[in-house]
Amino acid sequence: MDINRRAFLKTAGAGLIASAFPLSLVKLAFGADSPVQDFTFGYISDAHIQQIKGDKFVRNWDMGLIRAVREANLLTPRPDFFMFGGDLAQLGKKEELDHGLEIMSRLRGKVHYVTGEHDYYLDLGEYWKSKISPLYYSFDHKGVHFVVLSSILTYDNWIHKNWGDPMQRMLAMARLDNPDGSPFLVGEEQLTWLKKDLEKIAKAVPIVVFSHSPIQKIFKPWNFWTDDADAVQALLRPFEKVTVIYGHVHQIQYNQIGNISFHAVMATAWPWPYPESYTQLPNCLPKLTVPMNRADPFFERDATGWQFIDLSSGKTAMRYQLPDNTNRAVAYNTRTGRPEDLNYQEYQQRIPPQIHY
Amino acid sequence: MRTNKKLLGVSLAVLTAGIFLTAAFSIQAGEFTQSDLERWDKEFMSVVTKGDKLFHSAIGTNKVSCDQCHPNAANTHPETYPKFQQQLGRVVSLFEMVNWCIQNPLEGEPLLADDPKMVALLSYIHYERRGVPMAPGKH
């Protein structure tokens with residue numbers, strides 16, 4: 001643990017130094033009068049705490065979240081707050097959510113929560129709302145407007161099918177490759193709320209949206225997808241600086257659509273294949289994305305991780321903390337107007353483990 | 001002794017009937033019809049379906065299933081086996097890696113290579129990767 005701790009602190013320190021140069025340039029470009037302050041926050045996501053029986057939980061997934069919390073507690077200086085990006089539980093059970101919350105309670109700092117489909121489809125978010133947070137809400141921090149969406153809703157006719165036991169509905173949605181699944185949706189109620197929420201925000205104020213699923217259409221068969229993504233994007237389009245950060249995909253992804261930068265976060269539980277690894281169906285993985293390293297199954301934390309995020313003048317730099325892998329950093333490049341990996345963006349700079357097939 | 005004689009009698013009768021039938025319907029070894037193809041495909045697909053079910057079930061001891069990490073059996077790369085598995089230091093077949101996953105992330109017992117369950121799992125994994133060129137040894 002001592003060696004890991006030292007190695008981690010060293011890596012985290014190097015990351016902060018590396019960030020100093022591009023960030024100072026952005027600050028000059030933005031102007032000194034802005035009320036927007038620079039700060040960092042941490043992001044942990046997709047823990048998938050899974051109950052076996054009674055007080056027995058899947059060790060592997062527990063260890064992923066425990067490790068992320070321990071590492072995040074070593075961050076110095078402390079981030080302003082943490083996000084949890086959804087899928088705290090595997091099958092939405094109270095026992096799973098409680099056990100996940102117990103591990104999360106050791107994280108030092110305020111945590112804001114995003115709902116994932118694995119947290120929701122057993123009781124349609126009832127326990128989550130009573131114990132953790134509303135499904136959607138917004139808050140302001142140091143001149144940035146943050147919006148948390150519940151993007152994992154779906155169509156009523158699927159939700160209210162004759163399931164018999166609600167666990168059957170939960171299991172159907174929990175299976176990523178379920179051909180009888182249903183596409184994710186933000187829905188009319190939230191779109192109306194979002195429109196109203198954004199009305200009072202000046203167009204120059206940076207907006208950061210947190211959702212569980214991508215608010216863009218990448219691969220429908222695995223719900224790397226939100227059916228009404230276009231409607232959400234349309235509401236975000238008038239703003240000068242918009243970032244959407246999402247979980248669900250368990251992998252590094254990033255994209256730029258107009259004024260909106262998109263970033264995915266890593267899971268603490270397990271990695272998922274890039275859609276191109278399933279050769280039977282076409283996909284729309286953003287071309288900009290330099291993939292994470294292919295997972296080594298013999299090292300159970302490989303291709304998992306968590307991230308801390310620099311928010312400088314309203315633009316994000318994602319710092320991926322990847323156990324036993326070189327940490328990755330993907331930051332907004334003001335020259336090209338899109339997020340780019342600080343080391344691997346050019347094709348010649350990529351390494352063999354980043355080739356997926 | 002009597003039983004053996006009886007068995008011999010039955011065998012001879014079956015053999016005679018077989019020769020008669022062969023002559024009567026002109027069945028030739030190595031020839032098959034469209035309906036044979038359909039039947040064989042159906043046989044294969046029934047095993048693929050069994051494999052699909054196993055792949056999406058808790059076949060170890062901790063309720064974890066294969067598809068949790070491998071939706072549609074993606075990232076299993078069946079076309080690259082046998083290959084040098086650097087973590088084991090030798091060339092392995094795909095069934096050994098399936099067993100590795102059953103024993104470790106799924107915390108279960110390994111299956112024999114010809115266990116119908118293993119054959120079903122491999123059938124599903126290969127079927128989801130159909131059309132991809134063979135690439136033994138590829139990393």
# chains A, B, ... in the order shown; residues from 1 in each chain; ligands from 1
>>> interface_residues(of="chain A", to="chain B", cutoff="12 Å", atoms="only C-alpha atoms", output="PyMOL selection string")
chain A and resi 48-53+56-61+90-91+171-172+174-179+221-223+249-251+267+269-281+294-301+303-304+352-357
>>> residues_around(residues="Ile260 (chain A)", least_positions_apart="2", cutoff="8 Å", atoms="only C-alpha atoms", output="JSON, numbers by chain")
{"A": [233, 236, 237, 241, 242, 243, 244, 256, 257, 258, 262]}
>>> write_last_selection(atoms="N, CA and C atoms", output="mmCIF file, in the first residue's frame")
data_model
loop_
_atom_site.group_PDB
_atom_site.id
_atom_site.type_symbol
_atom_site.label_atom_id
_atom_site.label_comp_id
_atom_site.auth_asym_id
_atom_site.auth_seq_id
_atom_site.Cartn_x
_atom_site.Cartn_y
_atom_site.Cartn_z
ATOM 1 N N GLN A 233 -29.437 18.551 -26.560
ATOM 2 C CA GLN A 233 -28.382 19.346 -27.196
ATOM 3 C C GLN A 233 -28.919 20.695 -27.686
ATOM 4 N N LEU A 236 -28.961 23.201 -25.055
ATOM 5 C CA LEU A 236 -27.619 23.603 -24.610
ATOM 6 C C LEU A 236 -26.883 24.451 -25.653
ATOM 7 N N ARG A 237 -27.380 24.420 -26.868
ATOM 8 C CA ARG A 237 -26.687 25.057 -27.994
ATOM 9 C C ARG A 237 -26.470 26.566 -27.828
ATOM 10 N N LYS A 241 -20.144 27.896 -23.565
ATOM 11 C CA LYS A 241 -19.266 26.810 -23.108
ATOM 12 C C LYS A 241 -20.079 25.724 -22.427
ATOM 13 N N VAL A 242 -20.174 24.594 -23.076
ATOM 14 C CA VAL A 242 -20.971 23.504 -22.516
ATOM 15 C C VAL A 242 -20.149 22.220 -22.502
ATOM 16 N N THR A 243 -20.203 21.519 -21.385
ATOM 17 C CA THR A 243 -19.551 20.212 -21.275
ATOM 18 C C THR A 243 -20.569 19.223 -20.759
ATOM 19 N N VAL A 244 -20.602 18.043 -21.362
ATOM 20 C CA VAL A 244 -21.442 16.951 -20.874
ATOM 21 C C VAL A 244 -20.520 15.830 -20.408
ATOM 22 N N GLN A 256 -16.743 16.321 -29.694
ATOM 23 C CA GLN A 256 -17.166 17.721 -29.748
ATOM 24 C C GLN A 256 -18.278 17.830 -30.767
ATOM 25 N N ILE A 257 -19.456 18.306 -30.361
ATOM 26 C CA ILE A 257 -20.555 18.555 -31.304
ATOM 27 C C ILE A 257 -20.926 20.028 -31.153
ATOM 28 N N GLY A 258 -20.578 20.827 -32.136
ATOM 29 C CA GLY A 258 -20.823 22.269 -32.059
ATOM 30 C C GLY A 258 -20.114 22.850 -30.853
ATOM 31 N N PHE A 262 -18.002 16.586 -25.017
ATOM 32 C CA PHE A 262 -18.494 15.385 -24.328
ATOM 33 C C PHE A 262 -17.312 14.586 -23.779
#
>>> select_by_dssp(residues="region 154-345 of chain A", states="helix (DSSP H, G or I)", output="PyMOL selection string")
chain A and resi 156-159+166-174+188-199+220-222+229-236+275-277
>>> write_last_selection(atoms="N, CA and C atoms", output="short mmCIF file (atom, residue, chain, number, x, y, z; two decimals), in the first residue's frame")
data_model
loop_
_atom_site.label_atom_id
_atom_site.label_comp_id
_atom_site.auth_asym_id
_atom_site.auth_seq_id
_atom_site.Cartn_x
_atom_site.Cartn_y
_atom_site.Cartn_z
N ASP A 156 -42.87 4.66 -21.47
CA ASP A 156 -43.83 4.13 -20.49
C ASP A 156 -44.32 2.73 -20.83
N ASN A 157 -44.53 2.46 -22.12
CA ASN A 157 -45.07 1.14 -22.46
C ASN A 157 -44.08 0.01 -22.13
N TRP A 158 -42.79 0.33 -22.13
CA TRP A 158 -41.79 -0.69 -21.72
C TRP A 158 -41.77 -0.80 -20.19
N ILE A 159 -41.76 0.37 -19.53
CA ILE A 159 -41.69 0.38 -18.06
C ILE A 159 -42.87 -0.39 -17.46
N PRO A 166 -41.13 -6.80 -10.35
CA PRO A 166 -40.30 -5.67 -10.84
C PRO A 166 -38.83 -6.05 -11.05
N MET A 167 -38.37 -7.11 -10.36
CA MET A 167 -36.99 -7.55 -10.56
C MET A 167 -36.76 -8.01 -12.00
N GLN A 168 -37.83 -8.51 -12.65
CA GLN A 168 -37.69 -8.92 -14.05
C GLN A 168 -37.39 -7.72 -14.93
N ARG A 169 -38.04 -6.58 -14.61
CA ARG A 169 -37.78 -5.33 -15.35
C ARG A 169 -36.34 -4.87 -15.11
N MET A 170 -35.93 -4.97 -13.83
CA MET A 170 -34.56 -4.57 -13.47
C MET A 170 -33.54 -5.42 -14.23
N LEU A 171 -33.76 -6.73 -14.24
CA LEU A 171 -32.83 -7.64 -14.91
C LEU A 171 -32.79 -7.36 -16.42
N ALA A 172 -33.96 -7.04 -16.99
CA ALA A 172 -34.03 -6.77 -18.43
C ALA A 172 -33.22 -5.52 -18.78
N MET A 173 -33.29 -4.49 -17.93
CA MET A 173 -32.55 -3.27 -18.22
C MET A 173 -31.07 -3.42 -17.85
N ALA A 174 -30.79 -4.28 -16.86
CA ALA A 174 -29.41 -4.45 -16.42
C ALA A 174 -28.56 -5.17 -17.47
N GLU A 188 -40.02 14.31 -21.63
CA GLU A 188 -40.65 15.64 -21.72
C GLU A 188 -40.59 16.42 -20.41
N GLU A 189 -40.91 15.73 -19.29
CA GLU A 189 -40.96 16.41 -18.00
C GLU A 189 -39.63 17.09 -17.69
N GLN A 190 -38.54 16.34 -17.90
CA GLN A 190 -37.22 16.89 -17.60
C GLN A 190 -36.79 17.95 -18.62
N LEU A 191 -37.17 17.74 -19.87
CA LEU A 191 -36.82 18.73 -20.90
C LEU A 191 -37.47 20.07 -20.58
N THR A 192 -38.73 20.02 -20.13
CA THR A 192 -39.43 21.24 -19.72
C THR A 192 -38.71 21.89 -18.55
N TRP A 193 -38.34 21.06 -17.57
CA TRP A 193 -37.63 21.58 -16.40
C TRP A 193 -36.28 22.19 -16.81
N LEU A 194 -35.57 21.50 -17.69
CA LEU A 194 -34.24 21.96 -18.11
C LEU A 194 -34.34 23.31 -18.83
N LYS A 195 -35.34 23.42 -19.69
CA LYS A 195 -35.54 24.66 -20.44
C LYS A 195 -35.74 25.82 -19.46
N LYS A 196 -36.56 25.59 -18.46
CA LYS A 196 -36.85 26.60 -17.44
C LYS A 196 -35.60 26.90 -16.60
N ASP A 197 -34.89 25.83 -16.24
CA ASP A 197 -33.69 25.98 -15.41
C ASP A 197 -32.63 26.83 -16.12
N LEU A 198 -32.52 26.66 -17.43
CA LEU A 198 -31.49 27.36 -18.19
C LEU A 198 -31.89 28.78 -18.57
N GLU A 199 -33.20 29.08 -18.50
CA GLU A 199 -33.68 30.40 -18.89
C GLU A 199 -33.02 31.52 -18.08
N LYS A 220 -26.73 2.08 -30.24
CA LYS A 220 -28.05 1.81 -29.65
C LYS A 220 -28.16 0.43 -28.98
N PRO A 221 -27.59 -0.64 -29.59
CA PRO A 221 -27.78 -1.97 -28.97
C PRO A 221 -27.28 -2.07 -27.52
N TRP A 222 -26.33 -1.25 -27.12
CA TRP A 222 -25.85 -1.28 -25.74
C TRP A 222 -26.28 -0.02 -24.98
N ALA A 229 -31.48 12.77 -27.26
CA ALA A 229 -30.23 13.53 -27.11
C ALA A 229 -30.29 14.84 -27.90
N ASP A 230 -30.88 14.79 -29.08
CA ASP A 230 -30.92 15.98 -29.94
C ASP A 230 -31.69 17.12 -29.26
N ALA A 231 -32.78 16.76 -28.57
CA ALA A 231 -33.59 17.79 -27.89
C ALA A 231 -32.80 18.42 -26.74
N VAL A 232 -32.01 17.61 -26.02
CA VAL A 232 -31.19 18.16 -24.93
C VAL A 232 -30.10 19.05 -25.52
N GLN A 233 -29.44 18.55 -26.56
CA GLN A 233 -28.38 19.35 -27.20
C GLN A 233 -28.92 20.70 -27.69
N ALA A 234 -30.15 20.68 -28.20
CA ALA A 234 -30.74 21.93 -28.72
C ALA A 234 -30.89 22.96 -27.61
N LEU A 235 -31.24 22.50 -26.39
CA LEU A 235 -31.38 23.43 -25.26
C LEU A 235 -30.02 23.96 -24.80
N LEU A 236 -28.96 23.20 -25.05
CA LEU A 236 -27.62 23.60 -24.61
C LEU A 236 -26.88 24.45 -25.65
N PRO A 275 -17.68 -0.40 -28.93
CA PRO A 275 -18.68 -1.01 -29.80
C PRO A 275 -18.09 -1.68 -31.05
N GLU A 276 -16.97 -1.18 -31.55
CA GLU A 276 -16.39 -1.78 -32.75
C GLU A 276 -15.96 -3.23 -32.51
N SER A 277 -15.82 -3.63 -31.22
CA SER A 277 -15.45 -5.02 -30.92
C SER A 277 -16.61 -5.97 -31.18
#
>>> atom_distance(atom1="CA of Ser151 (chain A)", atom2="CA of Ala58 (chain B)")
28.6 Å
>>> select_by_dssp(residues="chain B", states="strand (DSSP E)", output="PyMOL selection string")
chain B and resi 83-85+90-92
>>> residues_around(residues="region 347-351 of chain A", least_positions_apart="5", cutoff="10 Å", atoms="only C-alpha atoms", output="list in words")
Val290, Pro291 and Asn293 of chain A
>>> residues_around(residues="Glu117 (chain A)", least_positions_apart="5", cutoff="10 Å", atoms="only C-alpha atoms", output="count of residues only")
22
>>> closest_residue(among="A:Gly54, A:Gly109, A:Pro282, A:Gly100", to="Pro77 (chain A)", atoms="only C-alpha atoms")
A:Gly109
>>> residues_around(residues="region 116-127 of chain B", least_positions_apart="2", cutoff="7 Å", atoms="only C-alpha atoms", output="PyMOL selection string")
chain B and resi 47-48+50-52+54-55+73+78+111+113-114+129-130
>>> residues_around(residues="Glu102 (chain A)", least_positions_apart="2", cutoff="12 Å", atoms="only C-alpha atoms", output="PyMOL selection string")
chain A and resi 49+62+65-66+69+88+94-100+104-107+132
>>> closest_residue(among="B:Phe95, B:Trp40, B:Phe32, B:Phe84", to="Pro136 (chain B)", atoms="only C-alpha atoms")
B:Phe84
